[in-house]
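Next comes model22.pdb, with PDB, C-alpha atoms.
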```
ATOM      1  CA  MET A   1     124.606-218.923  67.366
ATOM      2  CA  ASP A   2     121.391-220.875  67.230
ATOM      3  CA  GLU A   3     119.372-222.269  70.125
ATOM      4  CA  SER A   4     120.910-225.743  69.718
ATOM      5  CA  ASN A   5     124.129-224.343  71.180
ATOM      6  CA  SER A   6     122.550-222.471  74.096
ATOM      7  CA  SER A   7     124.506-224.628  76.570
ATOM      8  CA  LEU A   8     127.620-222.683  75.494
ATOM      9  CA  TRP A   9     126.166-219.264  76.278
ATOM     10  CA  GLY A  10     127.363-217.597  79.442
ATOM     11  CA  LEU A  11     130.423-217.074  81.583
ATOM     12  CA  TRP A  12     132.925-219.887  82.186
ATOM     13  CA  ASN A  13     135.662-220.194  84.802
ATOM     14  CA  LEU A  14     138.884-222.043  83.974
ATOM     15  CA  ASN A  15     139.235-225.276  85.969
ATOM     16  CA  SER A  16     142.284-226.827  84.345
ATOM     17  CA  CYS A  17     144.596-226.654  81.373
ATOM     18  CA  HIS A  18     146.829-229.582  80.456
ATOM     19  CA  MET A  19     149.117-229.965  77.485
ATOM     20  CA  SER A  20     150.226-233.257  75.954
ATOM     21  CA  VAL A  21     153.795-232.595  74.856
ATOM     22  CA  HIS A  22     154.781-233.614  71.341
ATOM     23  CA  SER A  23     157.729-235.970  70.896
ATOM     24  CA  GLY A  24     161.003-234.111  71.155
ATOM     25  CA  GLY A  25     159.544-231.427  73.438
ATOM     26  CA  ALA A  26     160.514-230.840  77.043
ATOM     27  CA  GLY A  27     159.912-234.119  78.798
ATOM     28  CA  GLY A  28     159.500-235.879  75.411
ATOM     29  CA  GLY A  29     156.943-238.435  74.311
ATOM     30  CA  ASN A  30     153.665-238.645  76.144
ATOM     31  CA  SER A  31     154.362-236.251  78.992
ATOM     32  CA  SER A  32     151.802-233.744  80.213
ATOM     33  CA  VAL A  33     152.504-230.214  81.454
ATOM     34  CA  THR A  34     150.369-227.421  82.904
ATOM     35  CA  PRO A  35     151.358-224.341  80.871
ATOM     36  CA  PHE A  36     149.489-221.934  83.171
ATOM     37  CA  GLY A  37     150.410-223.712  86.410
ATOM     38  CA  GLU A  38     148.424-226.017  88.669
ATOM     39  CA  LYS A  39     145.785-223.361  89.403
ATOM     40  CA  PRO A  40     145.346-221.360  86.185
ATOM     41  CA  LEU A  41     143.158-218.276  86.120
ATOM     42  CA  GLY A  42     140.777-217.656  83.263
ATOM     43  CA  ARG A  43     137.352-216.671  82.031
ATOM     44  CA  ILE A  44     135.555-216.995  78.747
ATOM     45  CA  SER A  45     132.280-215.355  77.921
ATOM     46  CA  ILE A  46     130.187-216.656  75.039
ATOM     47  CA  THR A  47     127.142-214.629  74.035
ATOM     48  CA  ARG A  48     123.903-215.762  72.452
ATOM     49  CA  GLU A  49     124.752-213.525  69.495
ATOM     50  CA  GLY A  50     127.941-215.487  68.834
ATOM     51  CA  TYR A  51     130.754-213.482  70.400
ATOM     52  CA  LEU A  52     133.541-214.957  72.529
ATOM     53  CA  SER A  53     135.958-213.156  74.828
ATOM     54  CA  ALA A  54     138.728-215.080  76.594
ATOM     55  CA  MET A  55     141.467-214.313  79.094
ATOM     56  CA  VAL A  56     143.816-216.883  80.648
ATOM     57  CA  THR A  57     146.948-216.470  82.755
ATOM     58  CA  SER A  58     148.975-218.058  85.521
ATOM     59  CA  VAL A  59     148.832-217.151  89.216
ATOM     60  CA  GLU A  60     152.318-215.633  88.825
ATOM     61  CA  GLY A  61     151.186-213.557  85.840
ATOM     62  CA  ALA A  62     148.295-212.128  87.847
ATOM     63  CA  ALA A  63     150.374-211.279  90.922
ATOM     64  CA  PRO A  64     150.305-207.559  91.778
ATOM     65  CA  ARG A  65     153.225-205.419  90.696
ATOM     66  CA  THR A  66     155.142-203.144  93.023
ATOM     67  CA  GLY A  67     152.685-200.262  93.277
ATOM     68  CA  THR A  68     153.132-198.776  89.802
ATOM     69  CA  GLU A  69     150.383-198.130  87.313
ATOM     70  CA  TRP A  70     150.612-200.234  84.124
ATOM     71  CA  PRO A  71     151.966-197.422  81.872
ATOM     72  CA  LEU A  72     154.811-196.870  84.370
ATOM     73  CA  ALA A  73     155.588-200.543  85.044
ATOM     74  CA  THR A  74     159.112-201.796  84.426
ATOM     75  CA  GLU A  75     159.854-203.985  81.403
ATOM     76  CA  ALA A  76     160.416-206.919  83.779
ATOM     77  CA  ASP A  77     156.979-206.408  85.379
ATOM     78  CA  ILE A  78     155.309-206.178  81.969
ATOM     79  CA  VAL A  79     156.993-209.381  80.795
ATOM     80  CA  ARG A  80     156.033-211.170  84.032
ATOM     81  CA  SER A  81     152.397-210.154  83.584
ATOM     82  CA  ALA A  82     151.986-210.365  79.812
ATOM     83  CA  ARG A  83     154.122-213.360  78.791
ATOM     84  CA  PRO A  84     151.896-216.033  80.402
ATOM     85  CA  MET A  85     148.651-214.329  79.335
ATOM     86  CA  VAL A  86     146.398-215.332  76.474
ATOM     87  CA  ALA A  87     143.659-212.798  75.740
ATOM     88  CA  TYR A  88     141.493-212.501  72.653
ATOM     89  CA  CYS A  89     137.961-211.914  71.400
ATOM     90  CA  GLY A  90     135.961-212.331  68.234
ATOM     91  CA  VAL A  91     132.911-213.697  66.490
ATOM     92  CA  CYS A  92     132.380-217.400  67.147
ATOM     93  CA  ARG A  93     130.366-220.128  65.500
ATOM     94  CA  THR A  94     129.666-223.793  66.106
ATOM     95  CA  TRP A  95     128.965-226.776  63.909
ATOM     96  CA  LYS A  96     128.820-230.541  64.180
ATOM     97  CA  GLU A  97     130.510-233.266  62.211
ATOM     98  CA  GLY A  98     128.801-236.465  63.262
ATOM     99  CA  GLU A  99     128.658-236.352  67.070
ATOM    100  CA  THR A 100     131.627-233.967  67.365
ATOM    101  CA  MET A 101     130.915-230.280  68.045
ATOM    102  CA  PHE A 102     133.387-227.622  66.921
ATOM    103  CA  LEU A 103     133.720-224.042  68.196
ATOM    104  CA  ALA A 104     135.604-221.551  66.016
ATOM    105  CA  THR A 105     136.491-217.955  66.850
ATOM    106  CA  LYS A 106     137.580-215.413  64.225
ATOM    107  CA  ILE A 107     140.027-213.341  66.293
ATOM    108  CA  GLU A 108     139.368-209.570  66.081
ATOM    109  CA  LEU A 109     141.569-208.354  68.960
ATOM    110  CA  ALA A 110     144.285-210.144  70.929
ATOM    111  CA  LEU A 111     147.177-209.517  73.280
ATOM    112  CA  ASP A 112     149.307-211.414  70.731
ATOM    113  CA  PRO A 113     148.964-209.402  67.492
ATOM    114  CA  ASN A 114     149.814-212.506  65.433
ATOM    115  CA  MET A 115     146.480-214.029  66.483
ATOM    116  CA  ILE A 116     144.442-211.167  64.974
ATOM    117  CA  GLY A 117     142.621-212.268  61.828
ATOM    118  CA  THR A 118     143.150-215.976  62.504
ATOM    119  CA  ASP A 119     140.566-218.638  63.237
ATOM    120  CA  ARG A 120     140.924-220.621  66.466
ATOM    121  CA  VAL A 121     139.095-223.915  66.110
ATOM    122  CA  ARG A 122     138.412-226.273  69.004
ATOM    123  CA  VAL A 123     136.571-229.519  69.578
ATOM    124  CA  ALA A 124     133.953-228.655  72.225
ATOM    125  CA  GLU A 125     132.157-230.959  74.641
ATOM    126  CA  VAL A 126     129.576-229.821  77.203
ATOM    127  CA  ARG A 127     128.666-232.168  80.051
ATOM    128  CA  GLU A 128     126.582-232.027  83.228
ATOM    129  CA  GLU A 129     128.019-233.494  86.403
ATOM    130  CA  GLY A 130     126.576-233.194  89.894
ATOM    131  CA  GLY A 131     124.411-230.199  88.982
ATOM    132  CA  ARG A 132     127.372-228.365  87.437
ATOM    133  CA  THR A 133     128.083-227.706  83.749
ATOM    134  CA  PHE A 134     131.533-228.253  82.264
ATOM    135  CA  LEU A 135     132.969-227.338  78.881
ATOM    136  CA  THR A 136     136.042-229.135  77.573
ATOM    137  CA  LEU A 137     137.857-227.486  74.677
ATOM    138  CA  LYS A 138     140.597-229.126  72.636
ATOM    139  CA  PRO A 139     142.128-226.632  70.205
ATOM    140  CA  LEU A 140     143.091-228.052  66.820
ATOM    141  CA  GLN A 141     146.038-225.629  66.695
ATOM    142  CA  GLU A 142     149.281-226.551  68.397
ATOM    143  CA  PHE A 143     150.150-224.519  71.528
ATOM    144  CA  THR A 144     153.642-223.215  72.326
ATOM    145  CA  THR A 145     154.741-222.410  75.891
ATOM    146  CA  GLU A 146     157.198-219.716  77.018
ATOM    147  CA  ASP A 147     160.111-222.172  76.791
ATOM    148  CA  GLY A 148     159.221-223.300  73.252
ATOM    149  CA  THR A 149     157.562-226.581  74.240
ATOM    150  CA  LYS A 150     154.826-227.538  71.762
ATOM    151  CA  GLY A 151     151.791-229.683  72.351
ATOM    152  CA  ASP A 152     148.039-230.158  72.348
ATOM    153  CA  LEU A 153     145.852-228.501  74.984
ATOM    154  CA  THR A 154     142.849-229.823  76.863
ATOM    155  CA  ILE A 155     141.097-226.965  78.629
ATOM    156  CA  CYS A 156     138.276-227.560  81.117
ATOM    157  CA  TRP A 157     135.866-224.779  82.081
ATOM    158  CA  GLU A 158     133.003-224.670  84.578
ATOM    159  CA  LYS A 159     129.934-222.551  83.908
ATOM    160  CA  VAL A 160     129.544-219.664  86.359
ATOM    161  CA  GLN A 161     126.065-219.251  87.803
ATOM    162  CA  LEU A 162     125.626-215.495  88.037
ATOM    163  CA  PRO A 163     123.104-214.122  90.533
ATOM    164  CA  ARG A 164     119.948-212.757  88.953
TER     165      ARG A 164
END
```
What is this file in structure tokens?
Amino acid sequence: MDESNSSLWGLWNLNSCHMSVHSGGAGGGNSSVTPFGEKPLGRISITREGYLSAMVTSVEGAAPRTGTEWPLATEADIVRSARPMVAYCGVCRTWKEGETMFLATKIELALDPNMIGTDRVRVAEVREEGGRTFLTLKPLQEFTTEDGTKGDLTICWEKVQLPR
């Protein structure tokens, strides 16, 4: 990625994730849901070289299991942890169309194997507010929740200031 996109470089903490439900979905019409709960957990890392790594889950998905190591976890524990999680990484690039910036990631590895080899494209907006930096991403692809509800996401991240 070139210097013009340096505001994207770094580590980002998930602040919020809201989904506008499509007509006919749960709640119908113009309703909004929080697919990862009210306090979602997530990080994305975007490198200067153009690589993105993302992991998002719900508080429930991140709750500790009953003392077993992952390879020995029960099917129910695996489902509870893995079902709400989105995790992927790949080469990313940005471009502008008019004043709109786009961020695309070519998925190389993902928890969901169906994502591998696909491009995830998002409208990206970086803004400064009160000395903090925020990144809002709006994926162009439709999102589907565990219960089959479909809609459009708006994901807000805050840049993490790592100690030097």
So which one's closest to A:Val160, A:Leu135, A:Leu111, A:Val21, A:Gly148? Using all atoms listed in the file, please.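 Of A:Leu135, A:Leu111, A:Val21, A:Gly148, the one nearest A:Val160 is A:Leu135, counting all atoms listed in the file.
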Report the distance between atom CA of A:Asn15 and atom CA of A:Pro84 in Å, rounded to one decimal place.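 About the pair atom CA of A:Asn15 and atom CA of A:Pro84: they are 16.6 Å apart.
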In Å, with one decimal, what is the gap from atom CA of A:Ser4 to atom CA of A:Val123?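 Here the two named atoms are 16.1 Å from each other.
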Here is a test: counting only C-alpha atoms, which residue of A:Phe102, A:Tyr88, A:Phe36, A:Trp157 is nearest to A:Pro139?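 Among the listed residues, the smallest separation from A:Pro139 belongs to A:Phe102.
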Using all atoms listed in the file, which residue out of A:Ile78, A:Cys156, A:Leu137, A:Ile46 lies closest to A:Met1?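 Closest to A:Met1, using all atoms listed in the file: A:Ile46.
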